[in-house]
Amino acid sequence: MDELELLKSHWKKESNATDKKFTSNDLYSMLHKKSSSIVKTLFYISIAELLFWILLNGFSLIYSESYTKSMRMIYGDGYTAEIFTAISYAIILVFVYLLYKSHKSINTLDNAKKLMKSILNTRKIIKYYVIYNLVVVSLSMVFGFYIVLHKDPNLTENLAHFSSAQMNSLYAVLIVITIGFTLIIWLFYKLIYGFLLKRLNRNYQELKKLEI
Amino acid sequence: MTKEKENEFIVLLEKHQNIVHKVCRLYTNNYNAHNDLFQEITIQLWKAYPKFRGDAKFSTWMYRVGLNTAITLYRKSKRKIETQQFEAFEFKISAEEYDNTEEEQLKLMYKAVKQLNDIDKALVFLYLEDKNYTEISETLGISEVNARVKMNRVKKKLKTILNP
């Protein structure tokens, strides 16, 4: 192609042009600036994600009496509640480990495709963590509602006056609340990651398309 | 990292900064964005510097980190960039060296290349830098055959942009 060859010869001449130089002082100050790369943002988001859910669980365990009471109601007085808590913390630790490993594997010296893949893998781990939490939260909401409606002495007394139609609409409202809550959080994540990784995803697909 | 290492890096970067400028020129459209991308590439180069092995050429290594930053890591930021002396530049075409038709052709070509997507631009960039298909395929992580196929498609794409 003639034009591309013409461009190449011009490009080479321009390479040697000296009108675009940063001084060593400029370069020196650049070294000490903070990066604003996708990896860094992803790292902060994953930390925020972990902290958010850990704190949410932690606070409700430590400070909420009603939460402890309902846990007792659900699991009885044995150690079941403690076992569940221990399992959930173990799962968080597994996610922390996976995220750490995944972040470590991101290497700017890899080829473009591999680099994109390792970033997308990290995003996947965060995604699984979010899904795990959303499932746990929505299940506990459903269980919680069920137990409270059936085992709370005050409530059961009040609910005894409800007709079956009223009971059904109460269930419907509770289900809608649970689904609505889960959806809103899910959409929120979709939006954050969609925005952050749109370009990366597009470029990765472009490279992957070639292999088919 | 030691001061010595830092100075050594700065000397190398200053010497080869044209590579980074060229990446920035292809992937950005204005002075601020150019400087911002330049800065991000510098940060990424510096972060990767401990992993840089002397047996690889510094310039070869810059191509990879530079392109990776431009097409994968870079996110526009709002930071302010202060530099001592740096002039904004566009593709300069000097009239003494080229006649009018050529000048016009070049302008159109640059414009066409700017319209390509990120990956296609990377291919054109490596092609203009005289990289062979082995290097192109290693930088992008695709097979050599696919790099050739892709390059042919990019050429066709450029033709279509130039002669719609």
# chains A, B, ... in the order shown; residues from 1 in each chain; ligands from 1
>>> interface_residues(of="chain A", to="chain B", cutoff="6 Å", atoms="only C-alpha atoms", output="PyMOL selection string")
chain A and resi 8+26+30-31+37-38+108+111-113+200
>>> write_last_selection(atoms="N, CA and C atoms", output="PDB file, in the first residue's frame")
ATOM      1  N   LYS A   8       5.160   5.573   6.572  1.00  0.00           N
ATOM      2  CA  LYS A   8       6.286   4.958   7.265  1.00  0.00           C
ATOM      3  C   LYS A   8       7.557   5.801   7.104  1.00  0.00           C
ATOM      4  N   ASP A  26      11.446  16.918  34.401  1.00  0.00           N
ATOM      5  CA  ASP A  26      10.032  16.564  34.139  1.00  0.00           C
ATOM      6  C   ASP A  26       9.818  15.085  34.412  1.00  0.00           C
ATOM      7  N   MET A  30       7.544  13.010  37.208  1.00  0.00           N
ATOM      8  CA  MET A  30       6.503  12.069  36.772  1.00  0.00           C
ATOM      9  C   MET A  30       6.595  10.743  37.516  1.00  0.00           C
ATOM     10  N   LEU A  31       7.810  10.300  37.778  1.00  0.00           N
ATOM     11  CA  LEU A  31       8.016   9.019  38.457  1.00  0.00           C
ATOM     12  C   LEU A  31       7.294   8.967  39.790  1.00  0.00           C
ATOM     13  N   SER A  37      -4.106   3.925  36.894  1.00  0.00           N
ATOM     14  CA  SER A  37      -4.427   2.837  35.967  1.00  0.00           C
ATOM     15  C   SER A  37      -5.631   2.027  36.434  1.00  0.00           C
ATOM     16  N   ILE A  38      -6.180   1.273  35.512  1.00  0.00           N
ATOM     17  CA  ILE A  38      -7.319   0.417  35.788  1.00  0.00           C
ATOM     18  C   ILE A  38      -7.000  -0.558  36.923  1.00  0.00           C
ATOM     19  N   THR A 108       2.653  -5.989  33.692  1.00  0.00           N
ATOM     20  CA  THR A 108       2.679  -5.087  32.528  1.00  0.00           C
ATOM     21  C   THR A 108       3.610  -5.587  31.438  1.00  0.00           C
ATOM     22  N   ASN A 111       2.275 -10.034  27.298  1.00  0.00           N
ATOM     23  CA  ASN A 111       1.719  -9.500  26.059  1.00  0.00           C
ATOM     24  C   ASN A 111       0.321  -8.936  26.323  1.00  0.00           C
ATOM     25  N   ALA A 112      -0.172  -8.134  25.392  1.00  0.00           N
ATOM     26  CA  ALA A 112      -1.423  -7.398  25.621  1.00  0.00           C
ATOM     27  C   ALA A 112      -2.570  -8.323  25.999  1.00  0.00           C
ATOM     28  N   LYS A 113      -2.665  -9.454  25.281  1.00  0.00           N
ATOM     29  CA  LYS A 113      -3.799 -10.334  25.507  1.00  0.00           C
ATOM     30  C   LYS A 113      -3.749 -10.953  26.905  1.00  0.00           C
ATOM     31  N   LEU A 200     -11.402  -2.045  27.948  1.00  0.00           N
ATOM     32  CA  LEU A 200     -10.587  -3.249  28.063  1.00  0.00           C
ATOM     33  C   LEU A 200     -11.309  -4.460  27.474  1.00  0.00           C
TER      34      LEU A 200
END
>>> select_by_dssp(residues="segment 2-165 of chain A", states="alpha helix (DSSP H)", output="count of residues only")
133
>>> residues_around(residues="Leu196 of chain A", least_positions_apart="5", cutoff="10 Å", atoms="only C-alpha atoms", output="mmCIF file with C-alpha atoms, in the first residue's frame")
data_model
loop_
_atom_site.group_PDB
_atom_site.id
_atom_site.type_symbol
_atom_site.label_atom_id
_atom_site.label_comp_id
_atom_site.auth_asym_id
_atom_site.auth_seq_id
_atom_site.Cartn_x
_atom_site.Cartn_y
_atom_site.Cartn_z
ATOM 1 C CA ILE A 38 -7.319 0.417 35.788
ATOM 2 C CA THR A 41 -8.755 1.312 40.614
ATOM 3 C CA LEU A 42 -9.670 -2.356 40.532
ATOM 4 C CA LYS A 190 -22.659 -3.800 36.731
ATOM 5 C CA LEU A 191 -22.501 -0.053 36.285
ATOM 6 C CA ASN A 201 -13.373 -5.690 27.294
ATOM 7 C CA ARG B 75 -7.766 5.515 32.389
#
